[in-house]
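**Student:** data_34.txt is reproduced below (compact mmCIF, C-alpha atoms).
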```txt
# COMPACT_ATOMS: atom_id res chain seq x y z
CA MET N 745 -18.03 -159.02 -158.18
CA PHE N 746 -14.84 -160.90 -158.98
CA PRO N 747 -11.87 -159.59 -160.99
CA ALA N 748 -11.27 -161.09 -164.41
CA TYR N 749 -8.17 -162.96 -163.23
CA ALA N 750 -9.97 -164.69 -160.32
CA THR N 751 -9.70 -168.47 -160.45
CA PRO N 752 -12.42 -170.89 -159.32
CA LEU N 753 -10.32 -171.54 -156.21
CA ASP N 754 -10.29 -167.79 -155.44
CA LYS N 755 -14.07 -167.63 -155.80
CA ALA N 756 -14.54 -170.69 -153.59
CA GLY N 757 -12.28 -169.14 -150.94
CA TRP N 758 -14.26 -165.87 -151.12
CA TRP N 759 -17.56 -167.66 -150.50
CA ALA N 760 -16.05 -169.90 -147.82
CA LEU N 761 -14.69 -166.88 -145.91
CA ARG N 762 -18.06 -165.14 -145.95
CA ALA N 763 -19.88 -168.31 -144.92
CA ALA N 764 -17.46 -168.71 -142.01
CA CYS N 765 -17.99 -165.07 -140.96
CA ILE N 766 -21.78 -165.47 -141.07
CA GLY N 767 -21.51 -168.68 -139.06
CA VAL N 768 -19.39 -166.99 -136.37
CA LEU N 769 -21.81 -164.04 -136.18
CA LEU N 770 -24.80 -166.36 -135.80
CA PHE N 771 -22.96 -168.35 -133.13
CA LEU N 772 -22.35 -165.15 -131.17
CA LEU N 773 -25.73 -163.50 -131.73
CA LEU N 774 -28.22 -166.36 -131.43
CA PRO N 775 -27.73 -166.88 -127.66
CA ILE N 776 -28.42 -163.18 -127.20
CA LEU N 777 -31.46 -163.10 -129.48
CA VAL N 778 -32.97 -166.19 -127.86
CA ILE N 779 -33.66 -164.20 -124.70
CA ILE N 780 -35.89 -161.64 -126.46
CA PRO N 781 -38.95 -163.89 -127.07
CA LEU N 782 -38.76 -165.10 -123.47
CA SER N 783 -39.42 -161.57 -122.25
CA PHE N 784 -42.85 -161.70 -123.91
CA SER N 785 -43.81 -165.08 -122.45
CA ASN N 786 -46.74 -165.44 -120.06
CA SER N 787 -44.95 -168.28 -118.29
CA SER N 788 -43.28 -167.80 -114.92
CA PHE N 789 -40.23 -169.70 -116.10
CA LEU N 790 -37.55 -169.19 -118.75
CA ALA N 791 -38.46 -172.08 -121.01
CA TYR N 792 -39.22 -173.02 -124.58
CA PRO N 793 -41.68 -173.60 -126.18
CA ILE N 794 -43.42 -170.41 -125.14
CA PRO N 795 -46.98 -171.23 -123.99
CA GLY N 796 -48.38 -167.77 -124.67
CA TRP N 797 -47.53 -164.12 -125.14
CA SER N 798 -47.84 -161.34 -122.61
CA LEU N 799 -46.36 -158.02 -121.48
CA ARG N 800 -46.70 -158.92 -117.82
CA TRP N 801 -42.95 -158.99 -117.21
CA TYR N 802 -42.47 -155.52 -118.62
CA ASP N 803 -45.33 -154.35 -116.41
CA ASN N 804 -43.63 -156.08 -113.48
CA LEU N 805 -40.34 -154.42 -114.40
CA PHE N 806 -41.67 -150.88 -114.52
CA GLY N 807 -43.84 -151.43 -111.45
CA SER N 808 -41.11 -152.88 -109.25
CA PRO N 809 -39.46 -150.43 -106.82
CA GLU N 810 -36.22 -152.45 -106.87
CA TRP N 811 -35.86 -152.38 -110.66
CA VAL N 812 -36.88 -148.73 -110.90
CA ARG N 813 -34.32 -147.79 -108.25
CA ALA N 814 -31.63 -149.82 -110.02
CA ALA N 815 -32.40 -148.09 -113.33
CA LYS N 816 -32.29 -144.68 -111.65
CA ASN N 817 -28.92 -145.49 -110.09
CA SER N 818 -27.51 -146.63 -113.43
CA PHE N 819 -28.61 -143.37 -115.05
CA ILE N 820 -27.04 -141.41 -112.20
CA VAL N 821 -23.68 -143.18 -112.14
CA ALA N 822 -23.10 -143.78 -115.85
CA PRO N 823 -23.60 -140.19 -117.13
CA ALA N 824 -21.55 -138.70 -114.28
CA ALA N 825 -18.73 -141.19 -114.82
CA THR N 826 -18.89 -140.55 -118.57
CA LEU N 827 -18.47 -136.80 -118.13
CA ILE N 828 -15.42 -137.25 -115.90
CA ALA N 829 -13.89 -139.93 -118.12
CA THR N 830 -14.45 -137.87 -121.26
CA ALA N 831 -12.84 -134.76 -119.79
CA LEU N 832 -9.82 -136.60 -118.37
CA GLY N 833 -9.34 -138.87 -121.37
CA THR N 834 -9.57 -136.03 -123.88
CA LEU N 835 -7.13 -133.81 -122.01
CA ALA N 836 -4.67 -136.69 -121.59
CA ALA N 837 -4.90 -137.56 -125.29
CA VAL N 838 -4.31 -133.97 -126.38
CA GLY N 839 -1.33 -133.66 -124.04
CA LEU N 840 0.23 -136.93 -125.20
CA ALA N 841 -0.30 -136.09 -128.87
CA ARG N 842 1.35 -132.66 -128.60
CA THR N 843 4.53 -133.55 -126.75
CA ASN N 844 7.32 -136.11 -126.82
CA PHE N 845 9.17 -136.89 -123.62
CA ALA N 846 11.03 -139.67 -121.89
CA PHE N 847 8.89 -142.52 -120.54
CA LYS N 848 5.92 -141.46 -122.67
CA GLY N 849 5.25 -145.13 -123.42
CA VAL N 850 5.34 -145.97 -119.71
CA LEU N 851 2.84 -143.21 -118.95
CA MET N 852 0.58 -144.43 -121.74
CA SER N 853 0.71 -147.95 -120.30
CA VAL N 854 -0.28 -146.64 -116.87
CA LEU N 855 -3.18 -144.65 -118.30
CA ILE N 856 -4.66 -147.59 -120.19
CA ALA N 857 -4.00 -150.07 -117.36
CA PRO N 858 -7.70 -150.21 -116.31
CA MET N 859 -8.45 -151.76 -119.72
CA VAL N 860 -6.09 -154.71 -119.19
CA VAL N 861 -6.03 -155.28 -115.42
CA PRO N 862 -8.50 -158.03 -114.42
CA ILE N 863 -11.68 -156.37 -113.21
CA ILE N 864 -11.76 -158.47 -110.03
CA VAL N 865 -8.37 -156.99 -109.10
CA VAL N 866 -9.75 -153.49 -109.69
CA GLY N 867 -12.76 -154.26 -107.52
CA VAL N 868 -10.76 -155.60 -104.57
CA SER N 869 -8.09 -152.90 -104.70
CA THR N 870 -10.53 -150.01 -105.00
CA TYR N 871 -12.61 -151.34 -102.12
CA LEU N 872 -9.55 -151.66 -99.89
CA PHE N 873 -8.48 -148.12 -100.83
CA PHE N 874 -11.90 -146.45 -100.66
CA ALA N 875 -13.27 -148.13 -97.53
CA PRO N 876 -10.98 -146.28 -95.06
CA LEU N 877 -11.83 -143.01 -96.84
CA GLY N 878 -15.56 -143.56 -96.42
CA LEU N 879 -16.14 -143.76 -100.17
CA ALA N 880 -17.41 -147.34 -100.19
CA ASP N 881 -21.22 -147.63 -100.32
CA SER N 882 -21.42 -144.20 -101.94
CA TYR N 883 -22.22 -142.71 -105.32
CA VAL N 884 -18.97 -140.74 -105.29
CA GLY N 885 -16.75 -143.81 -104.98
CA LEU N 886 -18.72 -145.68 -107.63
CA ILE N 887 -18.57 -142.77 -110.07
CA ILE N 888 -14.82 -142.31 -109.56
CA VAL N 889 -14.04 -145.96 -110.29
CA HIS N 890 -16.39 -146.10 -113.28
CA ALA N 891 -14.74 -142.96 -114.63
CA ALA N 892 -11.32 -144.57 -114.24
CA LEU N 893 -12.56 -147.62 -116.15
CA GLY N 894 -14.00 -145.51 -118.97
CA ALA N 895 -11.20 -142.95 -119.36
CA PRO N 896 -8.82 -145.32 -121.24
CA PHE N 897 -11.46 -145.84 -123.94
CA VAL N 898 -11.73 -142.09 -124.40
CA LEU N 899 -7.94 -141.74 -124.39
CA THR N 900 -7.32 -144.34 -127.10
CA THR N 901 -10.21 -143.15 -129.28
CA VAL N 902 -9.20 -139.49 -129.15
CA LEU N 903 -5.54 -140.36 -129.72
CA ALA N 904 -6.54 -142.24 -132.87
CA THR N 905 -8.50 -139.19 -134.05
CA LEU N 906 -5.57 -136.86 -133.33
CA GLN N 907 -3.34 -138.91 -135.65
CA GLY N 908 -4.96 -137.12 -138.58
CA PHE N 909 -5.23 -133.72 -136.90
CA ASN N 910 -3.39 -130.83 -138.55
CA HIS N 911 -1.51 -129.11 -135.71
CA ASN N 912 -0.79 -126.16 -137.98
CA LEU N 913 -4.36 -125.05 -137.27
CA VAL N 914 -3.46 -124.65 -133.60
CA ARG N 915 -0.25 -122.80 -134.42
CA ALA N 916 -2.13 -120.46 -136.74
CA SER N 917 -4.71 -119.69 -134.08
CA LEU N 918 -2.03 -118.98 -131.47
CA SER N 919 -0.08 -116.80 -133.89
CA CYS N 920 -3.21 -114.72 -134.45
CA GLY N 921 -3.32 -113.90 -130.74
CA GLU N 922 -5.87 -116.44 -129.49
CA ASN N 923 -5.19 -117.95 -126.06
CA PRO N 924 -4.61 -121.73 -125.72
CA LEU N 925 -7.92 -122.42 -123.95
CA ALA N 926 -10.00 -120.67 -126.59
CA THR N 927 -7.93 -122.36 -129.31
CA PHE N 928 -8.75 -125.74 -127.84
CA PHE N 929 -12.51 -125.11 -127.73
CA ARG N 930 -12.73 -123.29 -131.07
CA ILE N 931 -10.20 -125.23 -133.17
CA THR N 932 -9.12 -128.56 -131.67
CA LEU N 933 -12.34 -129.77 -130.04
CA PRO N 934 -14.64 -129.30 -133.07
CA VAL N 935 -12.22 -131.26 -135.26
CA ILE N 936 -11.80 -134.18 -132.85
CA ALA N 937 -15.44 -134.12 -131.68
CA PRO N 938 -16.39 -137.42 -133.41
CA GLY N 939 -13.57 -139.19 -131.58
CA VAL N 940 -14.50 -137.58 -128.28
CA ILE N 941 -18.15 -138.57 -128.66
CA SER N 942 -17.20 -142.11 -129.69
CA GLY N 943 -14.97 -142.43 -126.62
CA ALA N 944 -17.73 -141.03 -124.42
CA LEU N 945 -20.17 -143.64 -125.74
CA PHE N 946 -17.65 -146.41 -124.99
CA ALA N 947 -17.15 -144.99 -121.49
CA PHE N 948 -20.91 -144.80 -120.94
CA ALA N 949 -21.40 -148.41 -122.08
CA THR N 950 -18.52 -149.55 -119.85
CA SER N 951 -20.02 -147.88 -116.80
CA PHE N 952 -23.60 -148.88 -117.58
CA ASP N 953 -22.73 -152.59 -117.98
CA GLU N 954 -20.19 -152.88 -115.14
CA VAL N 955 -21.11 -155.27 -112.34
CA VAL N 956 -17.96 -156.61 -110.61
CA VAL N 957 -16.72 -153.31 -109.16
CA THR N 958 -20.31 -152.43 -108.26
CA LEU N 959 -20.57 -155.63 -106.21
CA PHE N 960 -17.61 -154.47 -104.13
CA LEU N 961 -18.35 -150.75 -103.80
CA ALA N 962 -22.11 -150.25 -104.03
CA GLY N 963 -24.34 -150.40 -100.98
CA PRO N 964 -28.07 -151.19 -100.92
CA GLU N 965 -28.91 -147.68 -102.12
CA GLN N 966 -26.45 -147.74 -105.06
CA VAL N 967 -27.59 -150.97 -106.71
CA THR N 968 -27.39 -150.62 -110.51
CA LEU N 969 -29.20 -152.58 -113.22
CA PRO N 970 -26.38 -155.10 -113.83
CA ARG N 971 -26.06 -155.77 -110.10
CA GLN N 972 -29.84 -156.15 -109.75
CA MET N 973 -29.79 -158.63 -112.63
CA PHE N 974 -26.93 -160.53 -110.97
CA THR N 975 -28.89 -160.67 -107.72
CA GLY N 976 -32.01 -161.84 -109.56
CA ILE N 977 -30.12 -164.62 -111.33
CA ARG N 978 -28.71 -165.87 -108.02
CA GLU N 979 -31.91 -165.67 -105.97
CA ASN N 980 -34.99 -165.91 -108.18
CA ILE N 981 -34.84 -166.25 -111.95
CA THR N 982 -37.95 -164.83 -113.61
CA PRO N 983 -38.70 -163.54 -117.13
CA THR N 984 -38.39 -160.04 -115.68
CA ILE N 985 -34.65 -160.48 -116.17
CA ALA N 986 -35.33 -161.34 -119.82
CA ALA N 987 -37.32 -158.11 -120.14
CA VAL N 988 -34.42 -156.10 -118.68
CA ALA N 989 -31.96 -157.91 -120.96
CA THR N 990 -34.12 -157.12 -124.00
CA LEU N 991 -34.18 -153.42 -123.15
CA LEU N 992 -30.40 -153.44 -122.59
CA ILE N 993 -29.89 -155.16 -125.96
CA LEU N 994 -31.91 -152.42 -127.65
CA PHE N 995 -30.03 -149.75 -125.73
CA THR N 996 -26.56 -151.06 -126.52
CA THR N 997 -27.54 -151.65 -130.15
CA SER N 998 -28.54 -147.99 -130.35
CA LEU N 999 -25.13 -147.03 -128.97
CA LEU N 1000 -23.38 -149.18 -131.58
CA LEU N 1001 -25.44 -147.62 -134.38
CA ALA N 1002 -24.52 -144.19 -133.07
CA LEU N 1003 -20.84 -145.18 -133.04
CA GLU N 1004 -21.09 -146.43 -136.62
CA TRP N 1005 -22.71 -143.16 -137.67
CA LEU N 1006 -19.94 -141.18 -135.98
CA ARG N 1007 -17.32 -143.37 -137.63
CA GLY N 1008 -18.84 -142.54 -141.00
CA ARG N 1009 -18.87 -138.84 -140.14
CA ARG N 1010 -15.23 -138.99 -139.10
CA LYS N 1011 -14.25 -140.56 -142.43
```
Give the structure from the file, written as structure tokens.

**Tutor:**
Amino acid sequence: MFPAYATPLDKAGWWALRAACIGVLLFLLLPILVIIPLSFSNSSFLAYPIPGWSLRWYDNLFGSPEWVRAAKNSFIVAPAATLIATALGTLAAVGLARTNFAFKGVLMSVLIAPMVVPIIVVGVSTYLFFAPLGLADSYVGLIIVHAALGAPFVLTTVLATLQGFNHNLVRASLSCGENPLATFFRITLPVIAPGVISGALFAFATSFDEVVVTLFLAGPEQVTLPRQMFTGIRENITPTIAAVATLLILFTTSLLLALEWLRGRRK
């Protein structure tokens, strides 16, 4: 485990670093994991100790029209926004990787701005811009903004993948008479596919978990799961929210495992 030249101080530092990392991970994960047992409680309140075990809150979740509608809206908005973000982010990354021009850094900063601009600013500005156009309280407006929020993740992920891409493959394809569009789909896209898929998963998670912009733009018919949870926390806290949170934890964990698998494939 340790090299022959390691001193006792080196070994102590090694163990101390790992203990600190484990402590930080537990500090971050325990508040999340605490909510899972509460979703199986038969109590009407979020409280420990748990008096008994039941699936009543999952039954209430799947039998509630409000929660079912919110889940349906999330699975309408998030995939549509992901498709748009993936297409735009991939094309922008390929274009930026192939060419060098003046103000390229400025353009890159503009494209990734949704990642760094405070989300409340995005929510207010998009509402003020979309409301006169009739896009507020609509799926179209919500999908457009969610796509804009997810596209920078696709852009940065695909750009990182393109750093190791051999552009001679593209030149060889073009020299053999293939057109640029076919070259992209037959040569470039298969090589960078792990990066594209990773970016798409980030974009999907961003859209699926977004609540602030949804509070500004979504109407009663476009309520998503995060907004429904926010409303439930404000108005009536029940273990149904814990059940939803548990399912979201499992869902996002699955996304992270998929990302890790893709990262291994890319290596």

**Student:** May I have the residues within 9 Å of N:Ala892 as a PyMOL selection string, using all atoms listed in the file and disregarding those fewer than 6 positions away in the same chain?

**Tutor:** chain N and resi 825+828-829+858

**Student:** Go through N:Asp803, N:Glu954, N:Glu922, N:Asp881 and flag the residue nearest N:Val866, using all atoms listed in the file for the distances.

**Tutor:**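 Smallest separation from N:Val866 among the options: N:Glu954.
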
**Student:** Mind checking which residues fall within 12 Å of N:Ala947, counting all atoms listed in the file, ignoring those fewer than 5 positions away in the same chain, and posting them as a ChimeraX atom specification?

**Tutor:** /N:821-834,858-859,887,889-901,940-942,952-954,999

**Student:** Once you count all atoms listed in the file, what closest atom pair and distance in Å to one decimal does each residue of stretch 750-865 of chain N within 12 Å of stretch 927-934 of chain N have, with rows by chain and rising residue number, as a tab-separated table?

**Tutor:**
```
residue	atom	partner	partner_atom	distance
N:Ala831	CA	N:Leu933	CA	11.4
N:Thr834	CA	N:Leu933	CA	9.2
N:Leu835	CA	N:Phe928	CA	10.1
N:Ala837	CA	N:Leu933	CA	11.8
N:Val838	CA	N:Thr932	CA	9.0
N:Gly839	CA	N:Phe928	CA	11.5
N:Ala841	CA	N:Thr932	CA	11.9
N:Arg842	CA	N:Thr932	CA	11.7
```

**Student:** Would you mind telling me which residue in N:Ala814, N:Leu991, N:Ile936, N:Ala763 lies nearest to N:Gln972 when using all atoms listed in the file?

**Tutor:** N:Ala814

**Student:** Would you list the residues near (-33.8, -163.1, -116.6) (no more than 9 Å away, in the coordinates of the file, using only C-alpha atoms) as number ranges by chain?

**Tutor:** N: 779, 782-783, 790, 973, 976-977, 980-989

**Student:** Give the answer as one residue: which of N:Leu886, N:Leu840, N:Leu777, N:Leu770 has the shortest atom-to-atom distance to N:Ser818, using only C-alpha atoms?

**Tutor:**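 For N:Ser818, the nearest of the candidates is N:Leu886.
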
**Student:** Given all atoms listed in the file as the basis, pick out the residue of N:Ala1002, N:Ala904, N:Phe948, N:Lys816 nearest to N:Leu969.

**Tutor:** N:Lys816

**Student:** Could you check which of N:Ala949, N:Leu906, N:Leu913, N:Ala880 is closest to N:Leu961, using all atoms listed in the file?

**Tutor:** N:Ala880

**Student:** Enter the distance from atom CA of N:Thr950 to atom CA of N:Phe771, in Å, rounded to one decimal.

**Tutor:**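 Atom CA of N:Phe771 lies at a distance of 23.4 Å from atom CA of N:Thr950.
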
**Student:** From the list N:Ala962, N:Ile780, N:Leu753, N:Ala836, which residue is nearest N:Tyr802 when using all atoms listed in the file?

**Tutor:**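 Residue with the minimum atom-to-atom distance to N:Tyr802: N:Ile780.
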
**Student:** Please measure the separation of atom CA of N:Leu855 and atom CA of N:Leu1001, giving the value in Å to one decimal.

**Tutor:**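 These two atoms are separated by 27.6 Å.
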
**Student:** To one decimal in Å, tell me the separation between atom CA of N:Thr905 and atom CA of N:Trp1005.

**Tutor:**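 Distance between the two atoms: 15.2 Å.
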